[in-house]
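Chemist: Here it is, the structure in full.
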Number of protein chains: 2
Amino acid sequence: MIIAMPLSAETFAPYGDVIAAVKDPDFYINAGKCGRFHDLANTDFGTGKAGISLAHGTPYALPLSLTMIERHPLGSQMFMPLNDAPFLVVVSDGPEATPRAFITDGTQGVNYHKGTWHGVLTPLNAPQPFLIVDRIGEGNNLEEHFFKTPFQVNIPNA
Amino acid sequence: MIIAMPLSAETFAPYGDVIAAVKDPDFYINAGKCGRFHDLANTDFGTGKAGISLAHGTPYALPLSLTMIERHPLGSQMFMPLNDAPFLVVVSDGPEATPRAFITDGTQGVNYHKGTWHGVLTPLNAPQPFLIVDRIGEGNNLEEHFFKTPFQVNIPNA
């Protein structure tokens with residue numbers, strides 16, 4: 001059984017970036033009217049282009065039965081929620097490792113670094129819209145690994 | 001006086017892309033659990049990288065006194081609201097033209113094409129968080145034009 005932990009930049013660093021406004025803005029633009037939290041993600045789109053897409057995800061039943069993970073060898077992939085609902089983030093050090101699970105705080109998005117094994121987009125309780133920034137281009141950018149036995153992922157208080 | 005019109009992909013096309021989920025998803029991913037609205041923006045980051053940032057914008061008083069417009073000659077720039085509040089979008093065919101104003105429907109974001117003259121990020125009524133995808137890199141990527149006489153921008157029903 002895997003227990004989801006609160007997502008933080010420090011614990012997530014080996015896998016990607018947390019997209020969130022923490023501390024003060026890096027600087028202000030527009031004559032001081034707008035605080036900018038600058039350059040939050042290690043993006044890498046390789047030979048493709050940085051594409052902008054939307055996703056409408058369907059919620060998963062809890063506790064989650066984690067049946068597979070996937071990775072994108074050719075580019076990074078960012079998911080930013082367009083509402084304030086937490087969602088589940090699963091990453092792994094590899095197909096044979098035990099995955100790690102994180103729960104966002106409702107303001108956080110994630111940018112998976114190129115090649116990071118991760119679970120699919122996992123809204124909870126209700127459908128959820130996301131903005132995606134990922135690589136669009138030629139080549140096979142998807143590897144999937146299906147577990148022989150699914151992992152159960154529990155979210156405390158969910 | 002400029003009157004803001006509802007934002008639509010068709011009227012905005014000369015200036016950029018409307019980031020919104022209209023019609024059905026282009027395709028489904030994650031074993032059908034997630035609808036993807038694919039490749040919604042004409043992104044161009046030139047010699048820079050596609051950077052991901054956040055912005056917290058302060059609202060402007062209405063009717064808006066539009067004092068200036070700006071453009072980024074080296075890259076496209078996308079703003080996606082992270083809540084469901086409409087915001088004001090101003091674009092122009094050039095420094096000497098009369099700007100055009102649009103009001104979003106609360107689900108829409110915009111991607112200004114490279115070099116498009118536009119107004120600054122303009123939340124209404126309350127502070128608003130946005131995700132930004134724009135060019136990060138060397139070079140002067142900002143041109144500003146200040147009007148001799150500000151334009152008044154009215155938003156019907158706002």
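Naming works like this for the structure tokens: A, B, ... for the chains as they're shown, residue 1 at the start of each chain, ligands 1 onward in shown order.
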What are the residues of chain A lining chain B at 6 Å or less? Count only C-alpha atoms, and put the answer as a ChimeraX atom specification.

Modeler: /A:33-41,51-58,82-83

Chemist: Please give the complete set of residues from range 35-128 of chain B that DSSP, run on the backbone, assigns to strand (DSSP E or B), formatted as a VMD selection string.

Modeler: chain B and resid 35 to 37 49 to 57 60 64 to 71 77 to 81 87 to 92 100 to 103 109 to 112 117 to 118 122 to 124 128

Chemist: Go through B:Phe147, B:Asn125, B:Ala9, B:Gly46 and flag the residue nearest Pro95 in chain B, using only C-alpha atoms for the distances.

Modeler: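 Comparing B:Phe147, B:Asn125, B:Ala9, B:Gly46 against Pro95 in chain B, the winner is B:Phe147.
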
Chemist: Considering only C-alpha atoms, return as a list in words whatever protein or nucleic-acid residues lie within 9 Å of Ala4 in chain A, sequence-local ones (same chain, fewer than 6 positions apart) excluded.

Modeler: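 Result of the neighbour search: Leu88, Val89, Val90, Arg100, Ala101, Phe102, Ile103, Val153, Asn154, Ile155 and Pro156 of chain A.
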
Chemist: Can you write just those residues out, N, CA, C and O atoms, as a compact mmCIF listing (two decimals), in the first residue's frame?

Modeler:
```
# COMPACT_ATOMS: atom_id res chain seq x y z
N LEU A 88 -4.13 13.83 -7.53
CA LEU A 88 -3.11 12.87 -7.11
C LEU A 88 -1.97 12.84 -8.13
O LEU A 88 -2.22 12.81 -9.34
N VAL A 89 -0.75 12.83 -7.62
CA VAL A 89 0.45 12.78 -8.46
C VAL A 89 1.24 11.54 -8.07
O VAL A 89 1.62 11.38 -6.91
N VAL A 90 1.48 10.67 -9.03
CA VAL A 90 2.26 9.45 -8.79
C VAL A 90 3.51 9.49 -9.65
O VAL A 90 3.43 9.78 -10.85
N ARG A 100 5.81 6.44 -5.77
CA ARG A 100 5.54 7.41 -4.71
C ARG A 100 4.32 8.22 -5.10
O ARG A 100 4.12 8.52 -6.28
N ALA A 101 3.53 8.56 -4.11
CA ALA A 101 2.30 9.30 -4.38
C ALA A 101 2.26 10.59 -3.58
O ALA A 101 2.68 10.63 -2.42
N PHE A 102 1.76 11.64 -4.22
CA PHE A 102 1.65 12.95 -3.60
C PHE A 102 0.26 13.51 -3.87
O PHE A 102 -0.34 13.26 -4.92
N ILE A 103 -0.21 14.30 -2.93
CA ILE A 103 -1.49 14.99 -3.12
C ILE A 103 -1.21 16.50 -3.15
O ILE A 103 -0.47 17.02 -2.32
N VAL A 153 -3.28 2.85 -3.62
CA VAL A 153 -2.83 4.17 -3.16
C VAL A 153 -3.90 4.78 -2.28
O VAL A 153 -5.04 4.97 -2.73
N ASN A 154 -3.54 5.07 -1.05
CA ASN A 154 -4.47 5.69 -0.10
C ASN A 154 -4.13 7.16 0.08
O ASN A 154 -2.96 7.53 0.14
N ILE A 155 -5.17 7.96 0.18
CA ILE A 155 -4.98 9.38 0.47
C ILE A 155 -5.58 9.67 1.83
O ILE A 155 -6.80 9.56 2.00
N PRO A 156 -4.75 10.01 2.81
CA PRO A 156 -5.30 10.31 4.14
C PRO A 156 -6.35 11.42 4.07
O PRO A 156 -6.16 12.41 3.34
```

Chemist: Neighbouring residues of Thr104 in chain A were defined as those with any atom within 9 Å, considering only C-alpha atoms; residues of the same chain fewer than 4 positions away were excluded. Please report them as a ChimeraX atom specification.

Modeler: /A:5-8,85-89,108-109

Chemist: So what do you get for CA of Leu64 in chain B versus CA of Tyr15 in chain B, distance-wise?

Modeler: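 Calculated distance between CA of Leu64 in chain B and CA of Tyr15 in chain B is 20.7 Å.
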
Chemist: Restricting the calculation to only C-alpha atoms, which member of A:Ala126, A:Ala158, A:Val110, A:Ile69 is positioned closest to Leu142 in chain A?

Modeler: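 Residue with the minimum atom-to-atom distance to Leu142 in chain A: A:Ile69.
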
Chemist: State, in Å with one decimal place, the distance from CA of Glu96 in chain B to CA of Pro73 in chain B.

Modeler: 17.5 Å
